[in-house]
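These notes are about the structure you will find just below.
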There are 2 protein chains.
Amino acid sequence: MFSIGDLSRRTGVKVPTIRYYEQMGLISAAHRSEGNQRRYEKTDLERLAFIRHARDLGFDIPAIRDLIALSRHPDAPCAGADRIAEEHLAAVREKIVKLTKLEQELERIVSHCSGDSVEDCYVIRALSDHGMCEAEH
Amino acid sequence: MFSIGDLSRRTGVKVPTIRYYEQMGLISAAHRSEGNQRRYEKTDLERLAFIRHARDLGFDIPAIRDLIALSRHPDAPCAGADRIAEEHLAAVREKIVKLTKLEQELERIVSHCSGDSVEDCYVIRALSDHGMCEAEH
DNA sequence: GCTAATCCCTCTAGCTACTATAGCTTCAAG
DNA sequence: CTTGAAGCTATAGTAGCTAGAGGGATTAGC
């Protein structure tokens, strides 16, 4: 039996976040002590570690809910889980592409600035005048 | 004289967003028509285009506020603007690094899954067991 | 057994940058 | 003068937490 604080220390998930996950339906409502405090068991610990891990990998809460639901049917085909992971991977890649474009544009702007007065600051001028950009955005 | 709708069409910034920017102090409160509708001039258009451009480049609102303040002192040195842009560039790069690590981990997980049942689905198993990860996260 | 420190409870509000809705008023064209 | 589009304010919702207020529970030490 763990208190919510124990669970927090063992998983690295903050206490209010655990309560939030309960509210969001990622973990089921815990049993309560006589004094109305949450008491957890080992399965809850594992579940929370799963969630933590998925969050670290950037899955959002609905996706995690789906993954948990799938993990409860060991005999089902795992295409569903694969698809969720693949979609997430695709989203991550898309973000990287966008950020890389941003990086290049910012790099160009920053490196072009002579460092004199604001009047001819390349940073400010580039922001004022879209025509100075290389790529679309 | 432009209405808020004109401004929106010319800059691509949605009408409620323009009002939001006014509230956030990015643009000054517009003059009003007799019937209390906002009326803008060319300078407002330029200001809004500047904001739009900065947002497209991922600057957050406080940074844009600072950039606008700086752009009003043409004689000041532009080190401030450079620093803001450089910090933002650094933040973008950091995000790219993180996402790239994520991408690799996800790629590895997805590619390892045989595609059979949930029971031995690599996706689910990897999420359950942190020890299966290559990198820290 | 008592007390103090620490933990836990619920509820509410705040964060970013918008977006959406409701209910109302104003504007511009015909 | 009417009508439909556009504008107004105010409020609430989005994701995933985080912080705080104002209490009650638990536990370690004496």
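The way I read the labels, and the way they are meant: chains A, B, ... in the order of the structure tokens, residue 1 as the first residue of every chain, and ligand 1 as the first ligand shown, with later ones counted on from there.
With only C-alpha atoms (C1' of nucleotides) taken into account, chain A has A:Ser3, A:Ile4, A:Gly5, A:Asn36, A:Gln37, A:Arg38 at most 9 Å from chain C.
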Mind listing as a VMD selection string which residues of chain B are within 8 Å of chain A, counting only C-alpha atoms? chain B and resid 46 to 47 49 to 51 53 to 54 56 to 58 67 70 to 71 73 to 79 81 to 82 85 to 86 89 92 to 93 95 to 96 99 to 100 102 to 103 106 to 107 110 113 115 to 121 123 to 124 127 to 130 137
Written selection (N, CA and C atoms) as a short mmCIF file (atom, residue, chain, number, x, y, z; two decimals), in the first residue's frame:
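Output contents, as saved in out_3.cif:
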```cif
data_model
loop_
_atom_site.label_atom_id
_atom_site.label_comp_id
_atom_site.auth_asym_id
_atom_site.auth_seq_id
_atom_site.Cartn_x
_atom_site.Cartn_y
_atom_site.Cartn_z
N GLU B 46 1.26 47.96 -40.26
CA GLU B 46 2.67 47.57 -40.23
C GLU B 46 3.02 46.88 -38.92
N ARG B 47 2.52 47.44 -37.86
CA ARG B 47 2.77 46.86 -36.55
C ARG B 47 2.24 45.44 -36.47
N ALA B 49 1.64 43.43 -38.95
CA ALA B 49 2.40 42.55 -39.85
C ALA B 49 3.70 42.12 -39.16
N PHE B 50 4.30 43.04 -38.47
CA PHE B 50 5.51 42.74 -37.68
C PHE B 50 5.22 41.63 -36.67
N ILE B 51 4.12 41.80 -35.95
CA ILE B 51 3.75 40.82 -34.93
C ILE B 51 3.50 39.45 -35.56
N HIS B 53 4.62 38.29 -38.29
CA HIS B 53 5.86 37.70 -38.75
C HIS B 53 6.67 37.11 -37.59
N ALA B 54 6.71 37.87 -36.51
CA ALA B 54 7.45 37.39 -35.34
C ALA B 54 6.80 36.12 -34.78
N ASP B 56 5.10 33.96 -36.50
CA ASP B 56 5.40 32.87 -37.44
C ASP B 56 6.80 32.32 -37.17
N LEU B 57 7.68 33.20 -36.72
CA LEU B 57 9.04 32.75 -36.41
C LEU B 57 9.11 32.17 -35.00
N GLY B 58 7.99 32.13 -34.33
CA GLY B 58 7.93 31.44 -33.04
C GLY B 58 8.25 32.28 -31.82
N LEU B 67 10.65 43.38 -28.51
CA LEU B 67 11.15 43.75 -29.84
C LEU B 67 10.49 45.04 -30.33
N LEU B 70 11.97 47.94 -28.50
CA LEU B 70 13.30 48.25 -29.02
C LEU B 70 13.22 48.96 -30.37
N SER B 71 12.28 48.51 -31.19
CA SER B 71 12.20 49.08 -32.54
C SER B 71 11.79 50.55 -32.52
N HIS B 73 13.27 52.72 -30.66
CA HIS B 73 14.45 53.54 -30.36
C HIS B 73 15.51 53.29 -31.42
N PRO B 74 15.34 53.93 -32.59
CA PRO B 74 16.20 53.62 -33.73
C PRO B 74 17.68 53.88 -33.45
N ASP B 75 17.98 54.76 -32.50
CA ASP B 75 19.37 55.12 -32.27
C ASP B 75 20.05 54.21 -31.25
N ALA B 76 19.26 53.45 -30.53
CA ALA B 76 19.85 52.58 -29.51
C ALA B 76 20.64 51.46 -30.18
N PRO B 77 21.59 50.88 -29.46
CA PRO B 77 22.29 49.73 -30.04
C PRO B 77 21.32 48.56 -30.15
N CYS B 78 21.55 47.71 -31.11
CA CYS B 78 20.57 46.65 -31.35
C CYS B 78 20.94 45.35 -30.66
N ALA B 79 21.85 45.42 -29.70
CA ALA B 79 22.26 44.20 -28.99
C ALA B 79 21.06 43.52 -28.35
N ALA B 81 17.91 43.38 -29.33
CA ALA B 81 17.14 42.62 -30.31
C ALA B 81 17.91 41.36 -30.71
N ASP B 82 19.20 41.51 -30.87
CA ASP B 82 20.01 40.35 -31.22
C ASP B 82 19.93 39.27 -30.15
N ALA B 85 16.68 37.39 -30.27
CA ALA B 85 16.63 36.47 -31.40
C ALA B 85 17.56 35.27 -31.16
N GLU B 86 18.72 35.55 -30.59
CA GLU B 86 19.66 34.45 -30.33
C GLU B 86 19.12 33.49 -29.28
N LEU B 89 16.57 31.42 -30.93
CA LEU B 89 17.23 30.43 -31.78
C LEU B 89 17.75 29.27 -30.94
N VAL B 92 14.90 27.09 -29.94
CA VAL B 92 14.44 26.28 -31.07
C VAL B 92 15.38 25.09 -31.26
N ARG B 93 16.67 25.35 -31.17
CA ARG B 93 17.64 24.26 -31.35
C ARG B 93 17.49 23.21 -30.27
N LYS B 95 14.79 22.46 -28.69
CA LYS B 95 13.59 21.67 -29.00
C LYS B 95 13.90 20.65 -30.07
N ILE B 96 14.66 21.05 -31.07
CA ILE B 96 14.98 20.12 -32.16
C ILE B 96 15.77 18.93 -31.61
N LEU B 99 13.37 16.66 -29.72
CA LEU B 99 12.46 15.95 -30.62
C LEU B 99 13.20 14.90 -31.43
N THR B 100 14.44 15.17 -31.75
CA THR B 100 15.21 14.20 -32.53
C THR B 100 15.48 12.95 -31.71
N LEU B 102 13.58 11.91 -29.31
CA LEU B 102 12.27 11.28 -29.27
C LEU B 102 12.03 10.49 -30.54
N GLU B 103 12.33 11.11 -31.64
CA GLU B 103 12.11 10.48 -32.94
C GLU B 103 12.86 9.15 -33.01
N LEU B 106 11.25 6.54 -30.73
CA LEU B 106 9.98 6.07 -31.28
C LEU B 106 10.19 5.18 -32.49
N GLU B 107 11.14 5.60 -33.31
CA GLU B 107 11.44 4.85 -34.52
C GLU B 107 11.87 3.42 -34.15
N VAL B 110 8.83 1.46 -32.79
CA VAL B 110 7.88 1.09 -33.85
C VAL B 110 8.47 0.00 -34.74
N CYS B 113 8.42 -3.76 -33.55
CA CYS B 113 7.20 -4.49 -33.26
C CYS B 113 6.89 -5.46 -34.39
N GLY B 115 4.14 -6.96 -34.92
CA GLY B 115 2.81 -6.80 -35.48
C GLY B 115 1.87 -7.94 -35.16
N ASP B 116 2.19 -8.70 -34.13
CA ASP B 116 1.28 -9.77 -33.76
C ASP B 116 0.31 -9.31 -32.67
N SER B 117 0.22 -10.07 -31.62
CA SER B 117 -0.78 -9.73 -30.61
C SER B 117 -0.23 -8.69 -29.62
N VAL B 118 -1.15 -8.07 -28.91
CA VAL B 118 -0.80 -7.06 -27.93
C VAL B 118 0.16 -7.63 -26.88
N GLU B 119 -0.03 -8.91 -26.61
CA GLU B 119 0.77 -9.53 -25.57
C GLU B 119 2.27 -9.34 -25.77
N ASP B 120 2.71 -9.49 -27.03
CA ASP B 120 4.13 -9.28 -27.25
C ASP B 120 4.41 -8.08 -28.16
N CYS B 121 3.49 -7.13 -28.10
CA CYS B 121 3.66 -5.90 -28.88
C CYS B 121 4.82 -5.09 -28.29
N VAL B 123 5.60 -2.08 -28.79
CA VAL B 123 5.18 -0.73 -28.40
C VAL B 123 4.70 -0.73 -26.95
N ILE B 124 3.77 -1.63 -26.66
CA ILE B 124 3.23 -1.71 -25.31
C ILE B 124 4.30 -2.13 -24.31
N LEU B 127 6.71 0.61 -23.46
CA LEU B 127 6.14 1.62 -22.59
C LEU B 127 6.07 1.12 -21.15
N SER B 128 5.84 -0.17 -21.01
CA SER B 128 5.72 -0.73 -19.67
C SER B 128 7.08 -0.84 -18.99
N ASP B 129 8.09 -1.02 -19.79
CA ASP B 129 9.40 -1.30 -19.23
C ASP B 129 10.44 -0.30 -19.71
N HIS B 130 10.77 0.59 -18.82
CA HIS B 130 11.71 1.64 -19.18
C HIS B 130 13.08 1.08 -19.55
N HIS B 137 15.32 9.60 -20.99
CA HIS B 137 14.38 10.69 -21.31
C HIS B 137 13.47 10.97 -20.12
#
```
Please check the contacts: residues of chain D at most 8 Å away from chain B, using only C-alpha atoms (C1' of nucleotides), listed as a list in words. DA6, DG7 and DC8 of chain D
Would you return as a ChimeraX atom specification the members of region 9-110 of chain B that DSSP assigns to strand (DSSP E or B) on this structure's backbone? /B:31-32,38-40,77
Next, the residues of the selection above should be written as a JSON list (two decimals), in the first residue's frame with C-alpha atoms.
```json
[["chain", "number", "residue", "atom", "x", "y", "z"],
["B", 31, "HIS", "CA", -9.37, 54.81, -32.31],
["B", 32, "ARG", "CA", -13.06, 54.16, -32.46],
["B", 38, "ARG", "CA", -12.12, 50.04, -34.13],
["B", 39, "ARG", "CA", -10.52, 52.08, -36.90],
["B", 40, "TYR", "CA", -6.92, 51.51, -37.90],
["B", 77, "PRO", "CA", 22.29, 49.73, -30.04]]
```
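Excluding Leu45 (chain A) itself and same-chain residues fewer than 5 positions from it, the residues having an atom within 8 Å of it are Leu7, Arg10, Thr11 and Tyr40 of chain A, counting only C-alpha atoms (C1' of nucleotides).
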For the atom pair CA of Leu26 (chain A) and CA of Arg65 (chain A), what is the interatomic distance in Å to one decimal place? 5.9 Å
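Distance check against Ile61 (chain A) using only C-alpha atoms (C1' of nucleotides): of D:DG23, D:DG29, D:DG16, D:DG4, the minimum falls on D:DG16.
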